[in-house]
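This is final31.txt (compact mmCIF, N, CA and C atoms).
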# COMPACT_ATOMS: atom_id res chain seq x y z
N MET B 1 3.24 -12.24 -15.45
CA MET B 1 3.01 -11.73 -14.12
C MET B 1 4.36 -11.67 -13.38
N ASN B 2 4.67 -10.56 -12.80
CA ASN B 2 5.96 -10.37 -12.13
C ASN B 2 6.17 -11.26 -10.92
N HIS B 3 5.13 -11.78 -10.35
CA HIS B 3 5.24 -12.56 -9.12
C HIS B 3 5.15 -14.06 -9.38
N HIS B 4 5.36 -14.45 -10.62
CA HIS B 4 5.48 -15.85 -11.04
C HIS B 4 4.20 -16.67 -10.86
N GLY B 5 3.07 -16.01 -10.74
CA GLY B 5 1.79 -16.71 -10.67
C GLY B 5 1.22 -16.87 -12.06
N GLU B 6 0.19 -17.68 -12.15
CA GLU B 6 -0.49 -17.89 -13.43
C GLU B 6 -1.98 -17.70 -13.20
N ILE B 7 -2.59 -16.89 -14.05
CA ILE B 7 -4.04 -16.72 -13.95
C ILE B 7 -4.68 -18.00 -14.44
N TYR B 8 -5.34 -18.68 -13.53
CA TYR B 8 -5.99 -19.94 -13.85
C TYR B 8 -7.36 -19.69 -14.47
N LYS B 9 -8.12 -18.79 -13.87
CA LYS B 9 -9.49 -18.62 -14.34
C LYS B 9 -10.07 -17.29 -13.86
N TYR B 10 -10.96 -16.74 -14.69
CA TYR B 10 -11.79 -15.61 -14.31
C TYR B 10 -13.17 -16.18 -14.03
N VAL B 11 -13.72 -15.84 -12.87
CA VAL B 11 -15.06 -16.29 -12.50
C VAL B 11 -15.84 -15.04 -12.10
N GLY B 12 -16.69 -14.54 -12.99
CA GLY B 12 -17.37 -13.29 -12.72
C GLY B 12 -16.35 -12.18 -12.54
N ASP B 13 -16.38 -11.54 -11.37
CA ASP B 13 -15.39 -10.48 -11.11
C ASP B 13 -14.22 -11.00 -10.27
N GLU B 14 -14.09 -12.31 -10.19
CA GLU B 14 -12.98 -12.94 -9.46
C GLU B 14 -11.88 -13.37 -10.41
N VAL B 15 -10.67 -13.39 -9.88
CA VAL B 15 -9.52 -13.93 -10.61
C VAL B 15 -8.88 -14.97 -9.70
N ILE B 16 -8.65 -16.15 -10.23
CA ILE B 16 -7.98 -17.20 -9.47
C ILE B 16 -6.56 -17.31 -10.01
N ILE B 17 -5.59 -17.08 -9.13
CA ILE B 17 -4.18 -17.12 -9.50
C ILE B 17 -3.53 -18.29 -8.77
N THR B 18 -2.72 -19.06 -9.49
CA THR B 18 -2.07 -20.22 -8.89
C THR B 18 -0.55 -20.13 -9.05
N TRP B 19 0.14 -20.86 -8.20
CA TRP B 19 1.60 -20.97 -8.24
C TRP B 19 1.98 -22.39 -7.89
N PRO B 20 3.07 -22.89 -8.44
CA PRO B 20 3.68 -24.05 -7.80
C PRO B 20 4.11 -23.56 -6.40
N GLU B 21 4.00 -24.42 -5.41
CA GLU B 21 4.22 -23.98 -4.03
C GLU B 21 5.53 -23.24 -3.81
N LYS B 22 6.62 -23.77 -4.35
CA LYS B 22 7.92 -23.13 -4.13
C LYS B 22 7.97 -21.72 -4.71
N LYS B 23 7.36 -21.51 -5.88
CA LYS B 23 7.36 -20.18 -6.49
C LYS B 23 6.46 -19.23 -5.72
N GLY B 24 5.33 -19.72 -5.23
CA GLY B 24 4.42 -18.87 -4.46
C GLY B 24 5.02 -18.45 -3.13
N ALA B 25 5.76 -19.37 -2.51
CA ALA B 25 6.38 -19.07 -1.21
C ALA B 25 7.64 -18.24 -1.35
N ARG B 26 8.39 -18.46 -2.43
CA ARG B 26 9.66 -17.74 -2.62
C ARG B 26 9.42 -16.24 -2.66
N ASP B 27 10.16 -15.52 -1.87
CA ASP B 27 10.05 -14.06 -1.79
C ASP B 27 8.62 -13.60 -1.50
N ALA B 28 7.82 -14.49 -0.92
CA ALA B 28 6.42 -14.19 -0.59
C ALA B 28 5.63 -13.75 -1.83
N ASN B 29 5.93 -14.35 -2.99
CA ASN B 29 5.25 -13.97 -4.24
C ASN B 29 3.74 -14.02 -4.14
N ALA B 30 3.21 -15.06 -3.49
CA ALA B 30 1.76 -15.21 -3.39
C ALA B 30 1.13 -14.12 -2.54
N VAL B 31 1.91 -13.49 -1.69
CA VAL B 31 1.43 -12.37 -0.88
C VAL B 31 1.69 -11.05 -1.60
N ARG B 32 2.84 -10.91 -2.17
CA ARG B 32 3.22 -9.65 -2.80
C ARG B 32 2.39 -9.34 -4.05
N VAL B 33 1.84 -10.35 -4.68
CA VAL B 33 1.00 -10.08 -5.84
C VAL B 33 -0.23 -9.26 -5.43
N TYR B 34 -0.71 -9.49 -4.21
CA TYR B 34 -1.83 -8.69 -3.69
C TYR B 34 -1.45 -7.21 -3.70
N GLN B 35 -0.26 -6.90 -3.18
CA GLN B 35 0.20 -5.50 -3.15
C GLN B 35 0.28 -4.92 -4.56
N ALA B 36 0.80 -5.70 -5.48
CA ALA B 36 0.96 -5.22 -6.86
C ALA B 36 -0.39 -4.93 -7.51
N ILE B 37 -1.35 -5.82 -7.32
CA ILE B 37 -2.68 -5.61 -7.90
C ILE B 37 -3.34 -4.40 -7.25
N ARG B 38 -3.22 -4.30 -5.94
CA ARG B 38 -3.81 -3.18 -5.21
C ARG B 38 -3.22 -1.85 -5.71
N ARG B 39 -1.90 -1.80 -5.86
CA ARG B 39 -1.26 -0.56 -6.37
C ARG B 39 -1.76 -0.22 -7.77
N ALA B 40 -1.91 -1.23 -8.62
CA ALA B 40 -2.40 -0.99 -9.98
C ALA B 40 -3.81 -0.42 -9.97
N LEU B 41 -4.65 -0.92 -9.08
CA LEU B 41 -6.01 -0.39 -8.97
C LEU B 41 -6.01 1.04 -8.43
N VAL B 42 -5.21 1.28 -7.41
CA VAL B 42 -5.15 2.61 -6.80
C VAL B 42 -4.69 3.65 -7.81
N ARG B 43 -3.75 3.29 -8.68
CA ARG B 43 -3.28 4.23 -9.71
C ARG B 43 -4.42 4.67 -10.63
N LYS B 44 -5.45 3.85 -10.72
CA LYS B 44 -6.57 4.18 -11.62
C LYS B 44 -7.81 4.62 -10.86
N THR B 45 -7.65 5.02 -9.61
CA THR B 45 -8.79 5.44 -8.79
C THR B 45 -9.65 6.47 -9.50
N ASP B 46 -9.03 7.52 -10.03
CA ASP B 46 -9.80 8.58 -10.69
C ASP B 46 -10.60 8.04 -11.87
N GLN B 47 -10.00 7.16 -12.64
CA GLN B 47 -10.70 6.59 -13.80
C GLN B 47 -11.91 5.77 -13.36
N TYR B 48 -11.74 4.95 -12.32
CA TYR B 48 -12.86 4.15 -11.83
C TYR B 48 -13.98 5.04 -11.30
N GLU B 49 -13.62 6.04 -10.52
CA GLU B 49 -14.64 6.91 -9.95
C GLU B 49 -15.35 7.72 -11.02
N LEU B 50 -14.63 8.16 -12.03
CA LEU B 50 -15.24 8.93 -13.11
C LEU B 50 -16.19 8.06 -13.93
N LYS B 51 -15.74 6.86 -14.29
CA LYS B 51 -16.53 6.00 -15.16
C LYS B 51 -17.64 5.26 -14.42
N TYR B 52 -17.36 4.77 -13.19
CA TYR B 52 -18.32 3.92 -12.49
C TYR B 52 -18.90 4.55 -11.23
N GLY B 53 -18.29 5.64 -10.78
CA GLY B 53 -18.79 6.30 -9.58
C GLY B 53 -18.29 5.70 -8.28
N PHE B 54 -17.37 4.78 -8.35
CA PHE B 54 -16.80 4.18 -7.13
C PHE B 54 -15.47 3.51 -7.45
N PHE B 55 -14.76 3.20 -6.39
CA PHE B 55 -13.49 2.47 -6.51
C PHE B 55 -13.75 1.02 -6.12
N PRO B 56 -13.32 0.05 -6.92
CA PRO B 56 -13.62 -1.35 -6.61
C PRO B 56 -12.91 -1.83 -5.34
N VAL B 57 -13.62 -2.62 -4.56
CA VAL B 57 -13.04 -3.25 -3.38
C VAL B 57 -12.42 -4.56 -3.84
N PHE B 58 -11.21 -4.79 -3.44
CA PHE B 58 -10.45 -5.96 -3.87
C PHE B 58 -10.20 -6.82 -2.64
N ARG B 59 -10.73 -8.05 -2.64
CA ARG B 59 -10.57 -8.95 -1.51
C ARG B 59 -9.83 -10.20 -1.95
N CYS B 60 -9.01 -10.73 -1.04
CA CYS B 60 -8.16 -11.87 -1.39
C CYS B 60 -8.14 -12.89 -0.26
N GLY B 61 -8.20 -14.16 -0.63
CA GLY B 61 -8.02 -15.27 0.30
C GLY B 61 -6.89 -16.14 -0.21
N LEU B 62 -5.97 -16.52 0.68
CA LEU B 62 -4.80 -17.30 0.27
C LEU B 62 -4.66 -18.55 1.12
N HIS B 63 -4.43 -19.67 0.44
CA HIS B 63 -4.18 -20.95 1.11
C HIS B 63 -3.22 -21.73 0.23
N PHE B 64 -2.46 -22.62 0.82
CA PHE B 64 -1.51 -23.46 0.08
C PHE B 64 -1.94 -24.91 0.20
N GLY B 65 -1.65 -25.70 -0.81
CA GLY B 65 -1.89 -27.14 -0.75
C GLY B 65 -1.96 -27.74 -2.14
N PRO B 66 -2.07 -29.05 -2.18
CA PRO B 66 -2.12 -29.74 -3.47
C PRO B 66 -3.47 -29.58 -4.16
N VAL B 67 -3.43 -29.56 -5.49
CA VAL B 67 -4.66 -29.54 -6.29
C VAL B 67 -4.63 -30.73 -7.24
N VAL B 68 -5.81 -31.11 -7.66
CA VAL B 68 -5.94 -32.13 -8.70
C VAL B 68 -6.20 -31.39 -9.99
N VAL B 69 -5.42 -31.68 -11.01
CA VAL B 69 -5.57 -31.02 -12.30
C VAL B 69 -6.02 -32.06 -13.31
N GLY B 70 -7.09 -31.75 -14.03
CA GLY B 70 -7.58 -32.69 -15.02
C GLY B 70 -8.30 -32.01 -16.16
N GLU B 71 -8.47 -32.73 -17.23
CA GLU B 71 -9.22 -32.24 -18.38
C GLU B 71 -10.66 -32.67 -18.19
N MET B 72 -11.58 -31.71 -18.27
CA MET B 72 -12.99 -32.02 -18.02
C MET B 72 -13.84 -31.55 -19.19
N GLY B 73 -14.96 -32.22 -19.37
CA GLY B 73 -15.92 -31.84 -20.38
C GLY B 73 -15.87 -32.71 -21.61
N LEU B 74 -17.04 -32.91 -22.21
CA LEU B 74 -17.12 -33.70 -23.43
C LEU B 74 -17.13 -32.81 -24.66
N THR B 75 -18.05 -31.84 -24.68
CA THR B 75 -18.14 -30.97 -25.85
C THR B 75 -17.27 -29.73 -25.73
N ARG B 76 -17.11 -29.26 -24.53
CA ARG B 76 -16.26 -28.09 -24.29
C ARG B 76 -15.25 -28.46 -23.21
N GLN B 77 -14.08 -28.84 -23.64
CA GLN B 77 -13.08 -29.30 -22.69
C GLN B 77 -12.29 -28.13 -22.11
N GLU B 78 -11.91 -28.31 -20.85
CA GLU B 78 -11.06 -27.32 -20.20
C GLU B 78 -10.21 -28.02 -19.15
N ILE B 79 -9.11 -27.40 -18.82
CA ILE B 79 -8.26 -27.88 -17.74
C ILE B 79 -8.87 -27.34 -16.45
N ALA B 80 -9.15 -28.22 -15.50
CA ALA B 80 -9.79 -27.81 -14.25
C ALA B 80 -8.91 -28.16 -13.06
N PHE B 81 -8.85 -27.23 -12.12
CA PHE B 81 -8.17 -27.46 -10.85
C PHE B 81 -9.26 -27.75 -9.82
N SER B 82 -9.06 -28.75 -9.01
CA SER B 82 -10.02 -29.02 -7.95
C SER B 82 -9.26 -29.53 -6.73
N GLY B 83 -9.97 -29.58 -5.64
CA GLY B 83 -9.38 -30.07 -4.41
C GLY B 83 -9.70 -29.17 -3.24
N ASP B 84 -9.36 -29.66 -2.08
CA ASP B 84 -9.67 -28.96 -0.84
C ASP B 84 -9.06 -27.56 -0.79
N VAL B 85 -7.87 -27.39 -1.33
CA VAL B 85 -7.21 -26.09 -1.27
C VAL B 85 -8.00 -25.02 -2.03
N MET B 86 -8.61 -25.38 -3.13
CA MET B 86 -9.41 -24.42 -3.89
C MET B 86 -10.62 -23.98 -3.07
N ASN B 87 -11.30 -24.94 -2.45
CA ASN B 87 -12.46 -24.65 -1.61
C ASN B 87 -12.06 -23.81 -0.40
N THR B 88 -10.96 -24.19 0.24
CA THR B 88 -10.52 -23.47 1.44
C THR B 88 -10.15 -22.03 1.11
N ALA B 89 -9.44 -21.80 0.03
CA ALA B 89 -9.08 -20.43 -0.36
C ALA B 89 -10.33 -19.59 -0.62
N ALA B 90 -11.33 -20.18 -1.28
CA ALA B 90 -12.58 -19.46 -1.54
C ALA B 90 -13.31 -19.15 -0.24
N ARG B 91 -13.33 -20.08 0.69
CA ARG B 91 -13.99 -19.86 1.98
C ARG B 91 -13.27 -18.79 2.80
N ILE B 92 -11.95 -18.80 2.73
CA ILE B 92 -11.17 -17.76 3.43
C ILE B 92 -11.49 -16.39 2.84
N GLN B 93 -11.53 -16.31 1.52
CA GLN B 93 -11.86 -15.04 0.86
C GLN B 93 -13.25 -14.57 1.27
N SER B 94 -14.19 -15.49 1.43
CA SER B 94 -15.56 -15.10 1.81
C SER B 94 -15.64 -14.55 3.23
N GLU B 95 -14.62 -14.75 4.02
CA GLU B 95 -14.57 -14.19 5.38
C GLU B 95 -14.12 -12.73 5.39
N CYS B 96 -13.62 -12.23 4.26
CA CYS B 96 -13.12 -10.85 4.21
C CYS B 96 -14.21 -9.83 4.53
N ARG B 97 -15.33 -9.91 3.86
CA ARG B 97 -16.38 -8.91 4.02
C ARG B 97 -16.90 -8.83 5.46
N PRO B 98 -17.32 -9.96 6.07
CA PRO B 98 -17.84 -9.84 7.44
C PRO B 98 -16.79 -9.37 8.46
N ARG B 99 -15.53 -9.53 8.14
CA ARG B 99 -14.46 -9.10 9.06
C ARG B 99 -13.91 -7.73 8.68
N ASN B 100 -14.46 -7.14 7.63
CA ASN B 100 -14.00 -5.84 7.14
C ASN B 100 -12.49 -5.85 6.85
N GLU B 101 -12.05 -6.92 6.20
CA GLU B 101 -10.65 -7.09 5.81
C GLU B 101 -10.60 -7.27 4.30
N THR B 102 -9.44 -6.99 3.71
CA THR B 102 -9.29 -7.18 2.27
C THR B 102 -8.37 -8.33 1.92
N PHE B 103 -7.57 -8.81 2.89
CA PHE B 103 -6.64 -9.89 2.59
C PHE B 103 -6.52 -10.81 3.79
N LEU B 104 -7.03 -12.02 3.63
CA LEU B 104 -6.95 -13.04 4.68
C LEU B 104 -6.13 -14.22 4.18
N VAL B 105 -5.30 -14.75 5.05
CA VAL B 105 -4.38 -15.84 4.71
C VAL B 105 -4.51 -16.93 5.77
N SER B 106 -4.46 -18.17 5.34
CA SER B 106 -4.47 -19.26 6.31
C SER B 106 -3.13 -19.28 7.04
N GLY B 107 -3.16 -19.74 8.29
CA GLY B 107 -1.92 -19.89 9.04
C GLY B 107 -0.97 -20.84 8.35
N GLU B 108 -1.53 -21.88 7.72
CA GLU B 108 -0.72 -22.85 6.99
C GLU B 108 0.04 -22.18 5.84
N ALA B 109 -0.65 -21.30 5.10
CA ALA B 109 0.01 -20.60 3.99
C ALA B 109 1.12 -19.70 4.51
N LEU B 110 0.84 -18.98 5.58
CA LEU B 110 1.86 -18.08 6.12
C LEU B 110 3.06 -18.86 6.65
N ASP B 111 2.81 -20.03 7.23
CA ASP B 111 3.92 -20.88 7.69
C ASP B 111 4.81 -21.29 6.52
N ARG B 112 4.20 -21.62 5.40
CA ARG B 112 4.99 -22.06 4.23
C ARG B 112 5.76 -20.91 3.60
N ILE B 113 5.17 -19.72 3.66
CA ILE B 113 5.85 -18.55 3.10
C ILE B 113 7.02 -18.14 3.99
N GLY B 114 6.82 -18.23 5.28
CA GLY B 114 7.86 -17.80 6.21
C GLY B 114 7.63 -16.37 6.64
N SER B 115 8.67 -15.70 7.06
CA SER B 115 8.51 -14.35 7.59
C SER B 115 8.32 -13.33 6.48
N LEU B 116 7.57 -12.30 6.82
CA LEU B 116 7.36 -11.16 5.92
C LEU B 116 8.06 -9.96 6.55
N PRO B 117 8.66 -9.10 5.74
CA PRO B 117 9.25 -7.89 6.31
C PRO B 117 8.18 -7.08 7.05
N ALA B 118 8.49 -6.68 8.27
CA ALA B 118 7.52 -5.99 9.13
C ALA B 118 7.00 -4.71 8.49
N HIS B 119 7.82 -4.03 7.69
CA HIS B 119 7.37 -2.78 7.08
C HIS B 119 6.39 -3.01 5.93
N ASP B 120 6.30 -4.23 5.43
CA ASP B 120 5.40 -4.52 4.32
C ASP B 120 3.97 -4.80 4.77
N PHE B 121 3.81 -5.49 5.88
CA PHE B 121 2.49 -5.91 6.33
C PHE B 121 2.38 -5.85 7.84
N THR B 122 1.17 -5.58 8.30
CA THR B 122 0.80 -5.78 9.68
C THR B 122 -0.01 -7.06 9.69
N ILE B 123 0.34 -8.00 10.55
CA ILE B 123 -0.35 -9.29 10.60
C ILE B 123 -1.18 -9.34 11.87
N THR B 124 -2.49 -9.63 11.71
CA THR B 124 -3.40 -9.70 12.84
C THR B 124 -4.13 -11.04 12.81
N SER B 125 -4.00 -11.80 13.88
CA SER B 125 -4.68 -13.09 13.95
C SER B 125 -6.19 -12.88 14.00
N GLN B 126 -6.91 -13.70 13.27
CA GLN B 126 -8.37 -13.70 13.30
C GLN B 126 -8.87 -14.92 14.08
N GLY B 127 -7.93 -15.71 14.59
CA GLY B 127 -8.26 -16.90 15.36
C GLY B 127 -8.51 -18.10 14.46
N ALA B 128 -8.94 -19.19 15.11
CA ALA B 128 -9.32 -20.40 14.38
C ALA B 128 -10.79 -20.24 13.99
N VAL B 129 -11.06 -20.33 12.71
CA VAL B 129 -12.38 -20.00 12.17
C VAL B 129 -13.03 -21.24 11.56
N PRO B 130 -14.31 -21.48 11.91
CA PRO B 130 -15.01 -22.58 11.23
C PRO B 130 -15.39 -22.13 9.81
N LEU B 131 -15.01 -22.90 8.84
CA LEU B 131 -15.34 -22.59 7.45
C LEU B 131 -16.32 -23.63 6.92
N ARG B 132 -17.29 -23.17 6.16
CA ARG B 132 -18.29 -24.08 5.60
C ARG B 132 -17.61 -25.19 4.81
N GLY B 133 -18.04 -26.42 5.07
CA GLY B 133 -17.50 -27.57 4.35
C GLY B 133 -16.22 -28.13 4.93
N LYS B 134 -15.71 -27.52 6.01
CA LYS B 134 -14.48 -27.99 6.63
C LYS B 134 -14.81 -28.67 7.96
N SER B 135 -14.16 -29.80 8.22
CA SER B 135 -14.42 -30.52 9.46
C SER B 135 -13.68 -29.91 10.65
N ARG B 136 -12.63 -29.15 10.37
CA ARG B 136 -11.90 -28.50 11.47
C ARG B 136 -11.74 -27.01 11.17
N GLU B 137 -11.56 -26.26 12.24
CA GLU B 137 -11.37 -24.82 12.09
C GLU B 137 -10.02 -24.53 11.44
N VAL B 138 -9.95 -23.39 10.77
CA VAL B 138 -8.73 -22.99 10.06
C VAL B 138 -8.22 -21.69 10.68
N ALA B 139 -6.95 -21.67 11.04
CA ALA B 139 -6.33 -20.43 11.55
C ALA B 139 -6.22 -19.43 10.41
N ILE B 140 -6.73 -18.23 10.65
CA ILE B 140 -6.74 -17.18 9.62
C ILE B 140 -6.08 -15.93 10.18
N LEU B 141 -5.32 -15.27 9.32
CA LEU B 141 -4.65 -14.02 9.69
C LEU B 141 -4.98 -12.96 8.65
N ALA B 142 -5.14 -11.73 9.13
CA ALA B 142 -5.37 -10.60 8.22
C ALA B 142 -4.03 -9.94 7.94
N LEU B 143 -3.79 -9.64 6.69
CA LEU B 143 -2.59 -8.89 6.29
C LEU B 143 -3.04 -7.51 5.83
N ARG B 144 -2.44 -6.49 6.39
CA ARG B 144 -2.78 -5.11 6.00
C ARG B 144 -1.52 -4.39 5.60
Output the file's structure in the form of structure tokens.
Amino acid sequence: MNHHGEIYKYVGDEVIITWPEKKGARDANAVRVYQAIRRALVRKTDQYELKYGFFPVFRCGLHFGPVVVGEMGLTRQEIAFSGDVMNTAARIQSECRPRNETFLVSGEALDRIGSLPAHDFTITSQGAVPLRGKSREVAILALR
């Protein structure tokens, strides 16, 4: 992957991509991978529409933080990532559809990444949002 991320897992039609924090923040890799995936899908618009009759909607939620990594399972072992950051990223992504957005980022993640070139993204605050399973609201921003 050009943006130094690692595909951790496919879950249905979802892809979970992870980075060590410094690599994800450096050059906004964790944000720019969204652009790269989106461009790759757009290049194949005609193929998707011909074969499936529609173009897939791609939604992304981004959050930064520590994860717990462990080996799980007795008969079928796998490396599993768990922790609050995984849950929070999933909850942020679930806010995309009701807000008619395709890319939502926590304020904490954007703080760690730093500034983005203005010509690359328009940033719109979505406010502090209550997320299921969270005791406090999370600041969320839409990137377009």
- Query: Suppose you want the space between atom C of Leu62 in chain B and CA of Gln93 in chain B; what is it in Å?
  - Reply: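 Straight-line distance from atom C of Leu62 in chain B to CA of Gln93 in chain B works out to 8.0 Å.
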Nearby residues (only C-alpha atoms) at most 12 Å from Asp27 in chain B, same-chain spacing under 4 positions excluded, as a PDB file with N, CA and C atoms, keeping the file's coordinate frame:
ATOM      1  N   ASN B   2       4.670 -10.560 -12.800  1.00  0.00           N
ATOM      2  CA  ASN B   2       5.960 -10.370 -12.130  1.00  0.00           C
ATOM      3  C   ASN B   2       6.170 -11.260 -10.920  1.00  0.00           C
ATOM      4  N   HIS B   3       5.130 -11.780 -10.350  1.00  0.00           N
ATOM      5  CA  HIS B   3       5.240 -12.560  -9.120  1.00  0.00           C
ATOM      6  C   HIS B   3       5.150 -14.060  -9.380  1.00  0.00           C
ATOM      7  N   HIS B   4       5.360 -14.450 -10.620  1.00  0.00           N
ATOM      8  CA  HIS B   4       5.480 -15.850 -11.040  1.00  0.00           C
ATOM      9  C   HIS B   4       4.200 -16.670 -10.860  1.00  0.00           C
ATOM     10  N   GLU B  21       4.000 -24.420  -5.410  1.00  0.00           N
ATOM     11  CA  GLU B  21       4.220 -23.980  -4.030  1.00  0.00           C
ATOM     12  C   GLU B  21       5.530 -23.240  -3.810  1.00  0.00           C
ATOM     13  N   LYS B  22       6.620 -23.770  -4.350  1.00  0.00           N
ATOM     14  CA  LYS B  22       7.920 -23.130  -4.130  1.00  0.00           C
ATOM     15  C   LYS B  22       7.970 -21.720  -4.710  1.00  0.00           C
ATOM     16  N   LYS B  23       7.360 -21.510  -5.880  1.00  0.00           N
ATOM     17  CA  LYS B  23       7.360 -20.180  -6.490  1.00  0.00           C
ATOM     18  C   LYS B  23       6.460 -19.230  -5.720  1.00  0.00           C
ATOM     19  N   VAL B  31       1.910 -13.490  -1.690  1.00  0.00           N
ATOM     20  CA  VAL B  31       1.430 -12.370  -0.880  1.00  0.00           C
ATOM     21  C   VAL B  31       1.690 -11.050  -1.600  1.00  0.00           C
ATOM     22  N   ARG B  32       2.840 -10.910  -2.170  1.00  0.00           N
ATOM     23  CA  ARG B  32       3.220  -9.650  -2.800  1.00  0.00           C
ATOM     24  C   ARG B  32       2.390  -9.340  -4.050  1.00  0.00           C
ATOM     25  N   VAL B  33       1.840 -10.350  -4.680  1.00  0.00           N
ATOM     26  CA  VAL B  33       1.000 -10.080  -5.840  1.00  0.00           C
ATOM     27  C   VAL B  33      -0.230  -9.260  -5.430  1.00  0.00           C
ATOM     28  N   ARG B 112       4.200 -21.620   5.400  1.00  0.00           N
ATOM     29  CA  ARG B 112       4.990 -22.060   4.230  1.00  0.00           C
ATOM     30  C   ARG B 112       5.760 -20.910   3.600  1.00  0.00           C
ATOM     31  N   ILE B 113       5.170 -19.720   3.660  1.00  0.00           N
ATOM     32  CA  ILE B 113       5.850 -18.550   3.100  1.00  0.00           C
ATOM     33  C   ILE B 113       7.020 -18.140   3.990  1.00  0.00           C
ATOM     34  N   GLY B 114       6.820 -18.230   5.280  1.00  0.00           N
ATOM     35  CA  GLY B 114       7.860 -17.800   6.210  1.00  0.00           C
ATOM     36  C   GLY B 114       7.630 -16.370   6.640  1.00  0.00           C
ATOM     37  N   SER B 115       8.670 -15.700   7.060  1.00  0.00           N
ATOM     38  CA  SER B 115       8.510 -14.350   7.590  1.00  0.00           C
ATOM     39  C   SER B 115       8.320 -13.330   6.480  1.00  0.00           C
ATOM     40  N   LEU B 116       7.570 -12.300   6.820  1.00  0.00           N
ATOM     41  CA  LEU B 116       7.360 -11.160   5.920  1.00  0.00           C
ATOM     42  C   LEU B 116       8.060  -9.960   6.550  1.00  0.00           C
ATOM     43  N   PRO B 117       8.660  -9.100   5.740  1.00  0.00           N
ATOM     44  CA  PRO B 117       9.250  -7.890   6.310  1.00  0.00           C
ATOM     45  C   PRO B 117       8.180  -7.080   7.050  1.00  0.00           C
TER      46      PRO B 117
END
- Message: One decimal, in Å: what's the spacing between atom N of Thr45 in chain B and atom N of Ile17 in chain B?
- Response: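 Distance reported for this atom pair: 22.2 Å.
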- Message: Need the shell around range 46-58 of chain B: protein/DNA/RNA residues with any atom at most 12 Å away, counting only C-alpha atoms. Skip same-chain ones fewer than 3 positions apart. Format as a list in words?
- Response: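 So the residues in contact are Asp13, Glu14, Val15, Tyr34, Gln35, Ala36, Ile37, Arg38, Arg39, Ala40, Leu41, Val42, Arg43, Gly61, Gln93, Ser94, Cys96, Arg97, Asn100, Glu101, Thr102, Phe103 and Leu104 of chain B.
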- Message: Just list as JSON, numbers by chain whatever in chain B DSSP marks as alpha helix (DSSP H).
- Response: {"B": [21, 22, 23, 24, 25, 29, 30, 31, 32, 33, 34, 35, 36, 37, 38, 39, 40, 41, 42, 43, 45, 46, 47, 48, 49, 50, 51, 52, 84, 85, 86, 87, 88, 89, 90, 91, 92, 93, 94, 96, 97, 98, 99, 107, 108, 109, 110, 111, 112, 113]}
- Task: For Gly65 in chain B, please output as a list of chain:residue names all residues within 9 Å (counting only C-alpha atoms; exclusion window: fewer than 6 positions along the same chain).
- Result: B:Glu21, B:Gly83, B:Asp84, B:Val85, B:Met86, B:Glu108, B:Ala109
- Please indicate the distance in Å from CA of Val67 in chain B to CA of Glu6 in chain B, rounded to one decimal place. 14.3 Å
- For range 119-127 of chain B, list every protein, DNA or RNA residue within 7 Å, evaluated using all atoms listed in the file, and leave out those in the same chain fewer than 3 positions away; present the list as JSON, numbers by chain. {"B": [116, 138, 139, 140, 141, 142, 143, 144]}
- Those of chain B in DSSP strand (DSSP E), formatted as a count of residues only: 41
Please, what is the axis-aligned box for every listed atom of range 93-99 of chain B with 6 Å on each side, as centre and edge lengths in Å to one decimal, as lines of an AutoDock Vina configuration file?
center_x = -14.7
center_y = -12.0
center_z = 5.0
size_x = 18.3
size_y = 20.6
size_z = 20.2
- Item | Option closest in space to Arg132 in chain B, from B:Ala90, B:Cys60, B:Ile7, B:Ala80 [counting only C-alpha atoms] |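 When distances to Arg132 in chain B are compared using only C-alpha atoms, the smallest one comes from B:Ala90.
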- Item | Counting all atoms listed in the file, the residue of B:Tyr10, B:Gly5, B:Glu78, B:Val68 that sits nearest Gly24 in chain B |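 Between B:Tyr10, B:Gly5, B:Glu78, B:Val68, the residue approaching Gly24 in chain B most closely is B:Gly5.
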- Message: So, with only C-alpha atoms as the atoms that count, which of B:Val11, B:Ile16, B:Ala25, B:Val129 lies closest to Leu110 in chain B?
- Response: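 Closest candidate: B:Ala25.
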- Which residue of B:Trp19, B:Asp111, B:Thr88, B:Arg26 approaches His63 in chain B most closely, using only N, CA and C atoms: B:Thr88
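Counting all atoms listed in the file, the residue from B:Phe64, B:Ser82, B:Gly73, B:Lys134 that sits nearest to Ser106 in chain B is B:Phe64.
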